[in-house]
>>> print(open('entry.cif').read())   # mmCIF, C-alpha atoms
data_my_file
#
loop_
_atom_site.group_PDB
_atom_site.id
_atom_site.type_symbol
_atom_site.label_atom_id
_atom_site.label_comp_id
_atom_site.auth_asym_id
_atom_site.auth_seq_id
_atom_site.Cartn_x
_atom_site.Cartn_y
_atom_site.Cartn_z
ATOM 1 C CA MET A 1 -88.836 -89.520 -139.456
ATOM 2 C CA ARG A 2 -86.714 -92.186 -137.759
ATOM 3 C CA ARG A 3 -86.528 -95.791 -138.915
ATOM 4 C CA GLY A 4 -84.642 -98.725 -137.481
ATOM 5 C CA ASP A 5 -84.253 -102.146 -139.034
ATOM 6 C CA GLU A 6 -81.762 -104.868 -139.884
ATOM 7 C CA ILE A 7 -79.963 -105.363 -143.176
ATOM 8 C CA GLY A 8 -78.433 -108.690 -144.090
ATOM 9 C CA THR A 9 -74.722 -108.820 -144.895
ATOM 10 C CA PRO A 10 -72.279 -111.654 -145.677
ATOM 11 C CA ARG A 11 -71.203 -111.351 -142.016
ATOM 12 C CA GLY A 12 -74.658 -111.493 -140.484
ATOM 13 C CA PRO A 13 -77.341 -108.872 -139.919
ATOM 14 C CA ALA A 14 -76.352 -105.260 -139.309
ATOM 15 C CA ARG A 15 -78.652 -102.755 -137.648
ATOM 16 C CA VAL A 16 -79.399 -99.414 -139.268
ATOM 17 C CA ASP A 17 -81.017 -96.390 -137.635
ATOM 18 C CA VAL A 18 -82.069 -93.842 -140.273
ATOM 19 C CA ASP A 19 -83.257 -90.277 -139.745
ATOM 20 C CA LEU A 20 -85.048 -88.915 -142.806
ATOM 21 C CA PRO A 21 -85.798 -85.195 -142.882
ATOM 22 C CA ARG A 22 -88.475 -83.609 -145.030
ATOM 23 C CA PRO A 23 -88.521 -82.722 -147.889
ATOM 24 C CA GLU A 24 -86.631 -85.569 -149.540
ATOM 25 C CA PRO A 25 -82.909 -85.115 -148.814
ATOM 26 C CA THR A 26 -80.254 -85.039 -151.514
ATOM 27 C CA THR A 27 -77.377 -86.081 -149.220
ATOM 28 C CA LEU A 28 -77.018 -89.365 -147.335
ATOM 29 C CA LEU A 29 -74.538 -89.415 -144.433
ATOM 30 C CA VAL A 30 -73.710 -92.944 -143.239
ATOM 31 C CA LEU A 31 -71.900 -93.274 -139.898
ATOM 32 C CA GLY A 32 -70.202 -96.210 -138.188
ATOM 33 C CA HIS A 33 -69.347 -96.732 -134.512
ATOM 34 C CA GLY A 34 -66.111 -97.353 -132.643
ATOM 35 C CA ALA A 35 -64.684 -100.813 -132.035
ATOM 36 C CA GLY A 36 -66.414 -101.574 -128.740
ATOM 37 C CA GLY A 37 -68.936 -98.758 -128.828
ATOM 38 C CA SER A 38 -72.332 -98.032 -130.282
ATOM 39 C CA VAL A 39 -74.046 -95.619 -132.629
ATOM 40 C CA ASP A 40 -75.358 -93.812 -129.551
ATOM 41 C CA ALA A 41 -71.919 -92.344 -128.764
ATOM 42 C CA PRO A 42 -72.326 -88.633 -127.916
ATOM 43 C CA ASP A 43 -70.456 -87.350 -130.980
ATOM 44 C CA LEU A 44 -72.431 -89.555 -133.380
ATOM 45 C CA VAL A 45 -75.765 -88.574 -131.834
ATOM 46 C CA ALA A 46 -74.864 -84.878 -131.915
ATOM 47 C CA LEU A 47 -73.814 -85.154 -135.557
ATOM 48 C CA ARG A 48 -77.024 -87.027 -136.357
ATOM 49 C CA ASP A 49 -79.087 -84.259 -134.803
ATOM 50 C CA ALA A 50 -77.198 -81.428 -136.510
ATOM 51 C CA ALA A 51 -77.099 -83.019 -139.964
ATOM 52 C CA ALA A 52 -80.717 -84.178 -139.946
ATOM 53 C CA GLY A 53 -81.740 -80.701 -138.823
ATOM 54 C CA ALA A 54 -79.967 -79.338 -141.913
ATOM 55 C CA GLY A 55 -81.850 -81.614 -144.306
ATOM 56 C CA VAL A 56 -79.367 -84.491 -144.519
ATOM 57 C CA ALA A 57 -80.493 -88.129 -144.333
ATOM 58 C CA VAL A 58 -78.412 -89.808 -141.619
ATOM 59 C CA ALA A 59 -77.933 -93.563 -141.248
ATOM 60 C CA ARG A 60 -76.059 -94.972 -138.242
ATOM 61 C CA VAL A 61 -74.844 -98.521 -138.854
ATOM 62 C CA THR A 62 -74.249 -101.115 -136.134
ATOM 63 C CA GLN A 63 -71.829 -103.752 -137.379
ATOM 64 C CA PRO A 64 -72.916 -107.431 -137.284
ATOM 65 C CA TYR A 65 -70.505 -108.372 -134.474
ATOM 66 C CA ARG A 66 -72.123 -105.770 -132.217
ATOM 67 C CA VAL A 67 -75.634 -106.869 -133.224
ATOM 68 C CA ALA A 68 -74.554 -110.377 -132.177
ATOM 69 C CA GLY A 69 -73.544 -109.034 -128.760
ATOM 70 C CA ARG A 70 -69.765 -109.170 -129.167
ATOM 71 C CA ARG A 71 -67.475 -106.318 -128.121
ATOM 72 C CA ALA A 72 -64.286 -107.499 -129.819
ATOM 73 C CA PRO A 73 -64.343 -106.209 -133.400
ATOM 74 C CA ALA A 74 -64.314 -108.443 -136.430
ATOM 75 C CA PRO A 75 -61.222 -108.373 -138.696
ATOM 76 C CA ALA A 76 -60.909 -105.331 -140.949
ATOM 77 C CA GLY A 77 -61.867 -107.219 -144.092
ATOM 78 C CA GLN A 78 -65.087 -108.452 -142.514
ATOM 79 C CA LEU A 79 -65.958 -104.989 -141.225
ATOM 80 C CA ASP A 80 -65.444 -103.531 -144.686
ATOM 81 C CA GLU A 81 -67.475 -106.283 -146.356
ATOM 82 C CA ALA A 82 -70.449 -105.783 -144.055
ATOM 83 C CA TRP A 83 -70.251 -101.990 -144.371
ATOM 84 C CA VAL A 84 -70.209 -102.075 -148.172
ATOM 85 C CA ALA A 85 -73.239 -104.371 -148.179
ATOM 86 C CA VAL A 86 -75.190 -102.057 -145.881
ATOM 87 C CA VAL A 87 -74.329 -98.825 -147.665
ATOM 88 C CA THR A 88 -75.102 -100.366 -151.053
ATOM 89 C CA GLU A 89 -78.532 -101.386 -149.762
ATOM 90 C CA LEU A 90 -79.143 -97.889 -148.371
ATOM 91 C CA LEU A 91 -78.227 -96.292 -151.692
ATOM 92 C CA GLY A 92 -80.817 -98.495 -153.354
ATOM 93 C CA ARG A 93 -83.464 -97.535 -150.817
ATOM 94 C CA TYR A 94 -82.853 -93.798 -150.890
ATOM 95 C CA ARG A 95 -82.377 -93.080 -154.564
ATOM 96 C CA SER A 96 -83.245 -89.399 -154.148
ATOM 97 C CA THR A 97 -79.925 -88.858 -152.386
ATOM 98 C CA SER A 98 -77.463 -87.876 -155.100
ATOM 99 C CA THR A 99 -74.553 -87.356 -152.689
ATOM 100 C CA LEU A 100 -73.087 -90.000 -150.378
ATOM 101 C CA VAL A 101 -70.871 -89.002 -147.460
ATOM 102 C CA VAL A 102 -69.442 -91.789 -145.310
ATOM 103 C CA GLY A 103 -67.875 -91.563 -141.889
ATOM 104 C CA GLY A 104 -67.839 -92.666 -138.306
ATOM 105 C CA ARG A 105 -65.799 -92.589 -135.156
ATOM 106 C CA SER A 106 -62.521 -94.422 -134.498
ATOM 107 C CA SER A 107 -62.781 -97.905 -136.057
ATOM 108 C CA GLY A 108 -65.862 -96.754 -137.971
ATOM 109 C CA ALA A 109 -63.867 -93.881 -139.449
ATOM 110 C CA ARG A 110 -61.216 -96.322 -140.658
ATOM 111 C CA VAL A 111 -63.844 -98.514 -142.325
ATOM 112 C CA ALA A 112 -65.367 -95.471 -144.027
ATOM 113 C CA CYS A 113 -61.969 -94.362 -145.343
ATOM 114 C CA ARG A 114 -61.040 -97.799 -146.669
ATOM 115 C CA THR A 115 -64.325 -98.253 -148.558
ATOM 116 C CA ALA A 116 -65.200 -94.710 -149.669
ATOM 117 C CA GLY A 117 -63.827 -95.135 -153.169
ATOM 118 C CA VAL A 118 -65.550 -98.462 -153.803
ATOM 119 C CA LEU A 119 -68.879 -96.978 -152.736
ATOM 120 C CA GLY A 120 -68.552 -93.856 -154.878
ATOM 121 C CA ALA A 121 -68.701 -91.524 -151.890
ATOM 122 C CA SER A 122 -68.231 -87.790 -152.348
ATOM 123 C CA GLY A 123 -66.524 -87.217 -149.000
ATOM 124 C CA VAL A 124 -65.486 -88.698 -145.663
ATOM 125 C CA VAL A 125 -65.994 -87.574 -142.054
ATOM 126 C CA ALA A 126 -63.545 -89.133 -139.574
ATOM 127 C CA LEU A 127 -64.249 -88.573 -135.877
ATOM 128 C CA ALA A 128 -61.466 -89.557 -133.455
ATOM 129 C CA PHE A 129 -59.445 -91.217 -136.214
ATOM 130 C CA PRO A 130 -57.052 -93.610 -134.420
ATOM 131 C CA LEU A 131 -53.782 -92.601 -136.059
ATOM 132 C CA HIS A 132 -51.838 -95.279 -134.198
ATOM 133 C CA PRO A 133 -52.274 -97.642 -131.222
ATOM 134 C CA PRO A 134 -51.598 -95.821 -127.933
ATOM 135 C CA GLY A 135 -47.868 -95.529 -127.367
ATOM 136 C CA ARG A 136 -47.027 -96.929 -130.828
ATOM 137 C CA PRO A 137 -46.619 -93.915 -133.148
ATOM 138 C CA GLU A 138 -44.483 -95.994 -135.516
ATOM 139 C CA ARG A 139 -47.610 -97.965 -136.481
ATOM 140 C CA SER A 140 -49.229 -95.067 -138.313
ATOM 141 C CA ARG A 141 -52.518 -95.499 -140.174
ATOM 142 C CA ALA A 142 -52.264 -92.137 -141.931
ATOM 143 C CA ALA A 143 -52.359 -93.824 -145.343
ATOM 144 C CA GLU A 144 -55.998 -94.793 -144.760
ATOM 145 C CA LEU A 145 -56.950 -91.105 -144.780
ATOM 146 C CA ARG A 146 -55.558 -90.651 -148.295
ATOM 147 C CA THR A 147 -58.795 -91.518 -150.047
ATOM 148 C CA GLY A 148 -58.501 -88.939 -152.823
ATOM 149 C CA LEU A 149 -61.797 -87.476 -151.574
ATOM 150 C CA PRO A 150 -62.507 -84.401 -149.448
ATOM 151 C CA THR A 151 -61.973 -85.670 -145.909
ATOM 152 C CA LEU A 152 -62.644 -83.982 -142.570
ATOM 153 C CA VAL A 153 -60.878 -85.293 -139.462
ATOM 154 C CA LEU A 154 -61.824 -84.204 -135.936
ATOM 155 C CA ASN A 155 -59.572 -85.394 -133.117
ATOM 156 C CA GLY A 156 -59.035 -84.295 -129.542
ATOM 157 C CA ASP A 157 -55.697 -82.774 -128.635
ATOM 158 C CA ARG A 158 -55.428 -85.281 -125.775
ATOM 159 C CA ASP A 159 -56.259 -88.364 -127.823
ATOM 160 C CA PRO A 160 -53.823 -91.193 -126.907
ATOM 161 C CA PHE A 161 -54.355 -92.620 -130.402
ATOM 162 C CA GLY A 162 -52.696 -89.522 -131.873
ATOM 163 C CA VAL A 163 -53.769 -86.677 -134.124
ATOM 164 C CA PRO A 164 -53.350 -86.943 -137.905
ATOM 165 C CA ALA A 165 -51.602 -84.172 -139.828
ATOM 166 C CA ALA A 166 -53.444 -82.196 -142.475
ATOM 167 C CA GLU A 167 -52.638 -83.174 -146.046
ATOM 168 C CA PRO A 168 -53.949 -82.126 -149.458
ATOM 169 C CA GLY A 169 -57.649 -82.947 -149.397
ATOM 170 C CA VAL A 170 -57.596 -83.797 -145.679
ATOM 171 C CA ARG A 171 -58.700 -81.097 -143.242
ATOM 172 C CA VAL A 172 -57.900 -81.722 -139.581
ATOM 173 C CA GLU A 173 -59.787 -79.941 -136.797
ATOM 174 C CA VAL A 174 -58.174 -80.391 -133.377
ATOM 175 C CA ARG A 175 -60.670 -80.187 -130.520
ATOM 176 C CA PRO A 176 -59.133 -78.626 -127.386
ATOM 177 C CA GLY A 177 -59.440 -80.586 -124.160
ATOM 178 C CA GLU A 178 -60.903 -83.641 -125.885
ATOM 179 C CA ARG A 179 -59.724 -87.221 -125.612
ATOM 180 C CA HIS A 180 -60.640 -90.155 -127.851
ATOM 181 C CA ASP A 181 -64.310 -90.193 -126.833
ATOM 182 C CA LEU A 182 -64.942 -86.557 -127.906
ATOM 183 C CA ARG A 183 -67.384 -86.196 -125.001
ATOM 184 C CA VAL A 184 -66.512 -82.685 -123.814
ATOM 185 C CA ASP A 185 -68.315 -80.752 -126.552
ATOM 186 C CA PRO A 186 -70.124 -83.073 -128.951
ATOM 187 C CA ALA A 187 -72.394 -80.270 -130.172
ATOM 188 C CA GLY A 188 -69.364 -78.176 -131.111
ATOM 189 C CA THR A 189 -67.846 -81.116 -132.950
ATOM 190 C CA ALA A 190 -71.093 -81.619 -134.837
ATOM 191 C CA GLU A 191 -71.239 -77.952 -135.815
ATOM 192 C CA LEU A 192 -67.758 -78.156 -137.335
ATOM 193 C CA VAL A 193 -68.868 -81.114 -139.456
ATOM 194 C CA LEU A 194 -72.057 -79.338 -140.463
ATOM 195 C CA GLY A 195 -70.094 -76.275 -141.550
ATOM 196 C CA TRP A 196 -67.859 -78.464 -143.692
ATOM 197 C CA LEU A 197 -70.890 -80.142 -145.280
ATOM 198 C CA ARG A 198 -72.438 -76.757 -145.999
ATOM 199 C CA GLU A 199 -69.242 -75.484 -147.631
ATOM 200 C CA ARG A 200 -69.654 -78.219 -150.212
ATOM 201 C CA GLY A 201 -73.376 -77.773 -150.705
ATOM 202 C CA TRP A 202 -74.142 -81.084 -149.044
ATOM 203 C CA ALA A 203 -76.297 -79.654 -146.235
ATOM 204 C CA GLY A 204 -78.871 -76.900 -145.975
#
>>> encode(input="entry.cif", output="structure tokens")
Amino acid sequence: MRRGDEIGTPRGPARVDVDLPRPEPTTLLVLGHGAGGSVDAPDLVALRDAAAGAGVAVARVTQPYRVAGRRAPAPAGQLDEAWVAVVTELLGRYRSTSTLVVGGRSSGARVACRTAGVLGASGVVALAFPLHPPGRPERSRAAELRTGLPTLVLNGDRDPFGVPAAEPGVRVEVRPGERHDLRVDPAGTAELVLGWLRERGWAG
């Protein structure tokens, strides 16, 4: 069953598209979009389909600035504030889900990493994590991946934003032939995430 509605946040309304499998799921996977993109990006849709098919509740969150029609992202603090408000509301709505996994692509992956601990998440899925601005490897964001939680990173080997290195607790899957949009094989990317979720008993 698919539901779409708006959830109020301190930064304006966010949109949430939720896919609820039957029977009642025990895992909630919440996904955010890239800076100028949408929750209908191929990798997010493929992951939604794979996870929901394996009994996971999947919520795709559109940040308030995108709901308002803006492409330029809000500052990081505002993104995090809105995200925490939305995920907290979702946890209240879907109390049968005992496990929370947060994630997203690019900017959405960064938001998920920064807020995972506050939200009590069990794990993080980072698609196309932007390790650094293109051509600026000295401005590394690797510290954001060090959440202390099981974290799965999937990046293309041709991503101009770089590819993070694996660290304790952080698994990195490098997708051959992929750039930042992960459009070559979204189904394959989704299957890697699903396998990781299954390893931890978070998907059927």
>>> residues_near_point(input="entry.cif", point="(-61.3, -91.0, -133.2)", cutoff="9 Å", atoms="all atoms listed in the file", output="list in words")
Gly34, Gly104, Arg105, Ser106, Ser107, Gly108, Ala109, Ala126, Leu127, Ala128, Phe129, Pro130, Leu131, Val153, Leu154, Asn155, Gly156, Asp159, Phe161, Gly162, Val163, Arg179, His180, Asp181 and Leu182 of chain A
>>> write_last_selection(input="entry.cif", atoms="C-alpha atoms", output="short mmCIF file (atom, residue, chain, number, x, y, z; two decimals), in the coordinates of the input")
data_model
loop_
_atom_site.label_atom_id
_atom_site.label_comp_id
_atom_site.auth_asym_id
_atom_site.auth_seq_id
_atom_site.Cartn_x
_atom_site.Cartn_y
_atom_site.Cartn_z
CA GLY A 34 -66.11 -97.35 -132.64
CA GLY A 104 -67.84 -92.67 -138.31
CA ARG A 105 -65.80 -92.59 -135.16
CA SER A 106 -62.52 -94.42 -134.50
CA SER A 107 -62.78 -97.90 -136.06
CA GLY A 108 -65.86 -96.75 -137.97
CA ALA A 109 -63.87 -93.88 -139.45
CA ALA A 126 -63.54 -89.13 -139.57
CA LEU A 127 -64.25 -88.57 -135.88
CA ALA A 128 -61.47 -89.56 -133.46
CA PHE A 129 -59.44 -91.22 -136.21
CA PRO A 130 -57.05 -93.61 -134.42
CA LEU A 131 -53.78 -92.60 -136.06
CA VAL A 153 -60.88 -85.29 -139.46
CA LEU A 154 -61.82 -84.20 -135.94
CA ASN A 155 -59.57 -85.39 -133.12
CA GLY A 156 -59.04 -84.30 -129.54
CA ASP A 159 -56.26 -88.36 -127.82
CA PHE A 161 -54.36 -92.62 -130.40
CA GLY A 162 -52.70 -89.52 -131.87
CA VAL A 163 -53.77 -86.68 -134.12
CA ARG A 179 -59.72 -87.22 -125.61
CA HIS A 180 -60.64 -90.16 -127.85
CA ASP A 181 -64.31 -90.19 -126.83
CA LEU A 182 -64.94 -86.56 -127.91
#
>>> resolve_selection(input="entry.cif", expression="the PyMOL selection byres ((chain A and resi 92-94) around 12)", output="PDB file with C-alpha atoms, in the frame of the given file")
ATOM      1  CA  ILE A   7     -79.963-105.363-143.176  1.00  0.00           C
ATOM      2  CA  VAL A  18     -82.069 -93.842-140.273  1.00  0.00           C
ATOM      3  CA  ASP A  19     -83.257 -90.277-139.745  1.00  0.00           C
ATOM      4  CA  LEU A  20     -85.048 -88.915-142.806  1.00  0.00           C
ATOM      5  CA  GLU A  24     -86.631 -85.569-149.540  1.00  0.00           C
ATOM      6  CA  PRO A  25     -82.909 -85.115-148.814  1.00  0.00           C
ATOM      7  CA  THR A  26     -80.254 -85.039-151.514  1.00  0.00           C
ATOM      8  CA  THR A  27     -77.377 -86.081-149.220  1.00  0.00           C
ATOM      9  CA  LEU A  28     -77.018 -89.365-147.335  1.00  0.00           C
ATOM     10  CA  LEU A  29     -74.538 -89.415-144.433  1.00  0.00           C
ATOM     11  CA  VAL A  30     -73.710 -92.944-143.239  1.00  0.00           C
ATOM     12  CA  VAL A  56     -79.367 -84.491-144.519  1.00  0.00           C
ATOM     13  CA  ALA A  57     -80.493 -88.129-144.333  1.00  0.00           C
ATOM     14  CA  VAL A  58     -78.412 -89.808-141.619  1.00  0.00           C
ATOM     15  CA  ALA A  59     -77.933 -93.563-141.248  1.00  0.00           C
ATOM     16  CA  ALA A  85     -73.239-104.371-148.179  1.00  0.00           C
ATOM     17  CA  VAL A  86     -75.190-102.057-145.881  1.00  0.00           C
ATOM     18  CA  VAL A  87     -74.329 -98.825-147.665  1.00  0.00           C
ATOM     19  CA  THR A  88     -75.102-100.366-151.053  1.00  0.00           C
ATOM     20  CA  GLU A  89     -78.532-101.386-149.762  1.00  0.00           C
ATOM     21  CA  LEU A  90     -79.143 -97.889-148.371  1.00  0.00           C
ATOM     22  CA  LEU A  91     -78.227 -96.292-151.692  1.00  0.00           C
ATOM     23  CA  ARG A  95     -82.377 -93.080-154.564  1.00  0.00           C
ATOM     24  CA  SER A  96     -83.245 -89.399-154.148  1.00  0.00           C
ATOM     25  CA  THR A  97     -79.925 -88.858-152.386  1.00  0.00           C
ATOM     26  CA  SER A  98     -77.463 -87.876-155.100  1.00  0.00           C
ATOM     27  CA  THR A  99     -74.553 -87.356-152.689  1.00  0.00           C
ATOM     28  CA  LEU A 100     -73.087 -90.000-150.378  1.00  0.00           C
TER      29      LEU A 100
END
>>> residues_around(input="entry.cif", residues="Gly4 in chain A", least_positions_apart="3", cutoff="8 Å", atoms="only C-alpha atoms", output="PDB file with C-alpha atoms, in the coordinates of the input")
ATOM      1  CA  ARG A  15     -78.652-102.755-137.648  1.00  0.00           C
ATOM      2  CA  VAL A  16     -79.399 -99.414-139.268  1.00  0.00           C
ATOM      3  CA  ASP A  17     -81.017 -96.390-137.635  1.00  0.00           C
ATOM      4  CA  VAL A  18     -82.069 -93.842-140.273  1.00  0.00           C
TER       5      VAL A  18
END
>>> closest_residue(input="entry.cif", among="A:Pro75, A:Pro186, A:Pro160, A:Gly32", to="Pro133 in chain A", atoms="only C-alpha atoms")
A:Pro160
>>> resolve_selection(input="entry.cif", expression="the PyMOL selection byres ((chain A and resi 152) around 12)", output="number ranges by chain")
A: 101-105, 109, 112-113, 122-129, 145-147, 149-151, 153-155, 164-174, 189-190, 192-197, 199-200
>>> closest_residue(input="entry.cif", among="A:Gln78, A:Thr115, A:Ser140, A:Ser38", to="Pro10 in chain A", atoms="only C-alpha atoms")
A:Gln78
>>> atom_distance(input="entry.cif", atom1="CA of Asp157 in chain A", atom2="CA of Arg198 in chain A")
24.9 Å
>>> closest_residue(input="entry.cif", among="A:Thr9, A:Val84, A:Ala46, A:Ala51", to="Tyr65 in chain A", atoms="all atoms listed in the file")
A:Thr9
>>> closest_residue(input="entry.cif", among="A:Arg183, A:Arg110, A:Arg158, A:Arg22", to="Gly53 in chain A", atoms="all atoms listed in the file")
A:Arg22
>>> closest_residue(input="entry.cif", among="A:Val184, A:Ala50, A:Pro134, A:Gly55", to="Gly201 in chain A", atoms="only C-alpha atoms")
A:Gly55
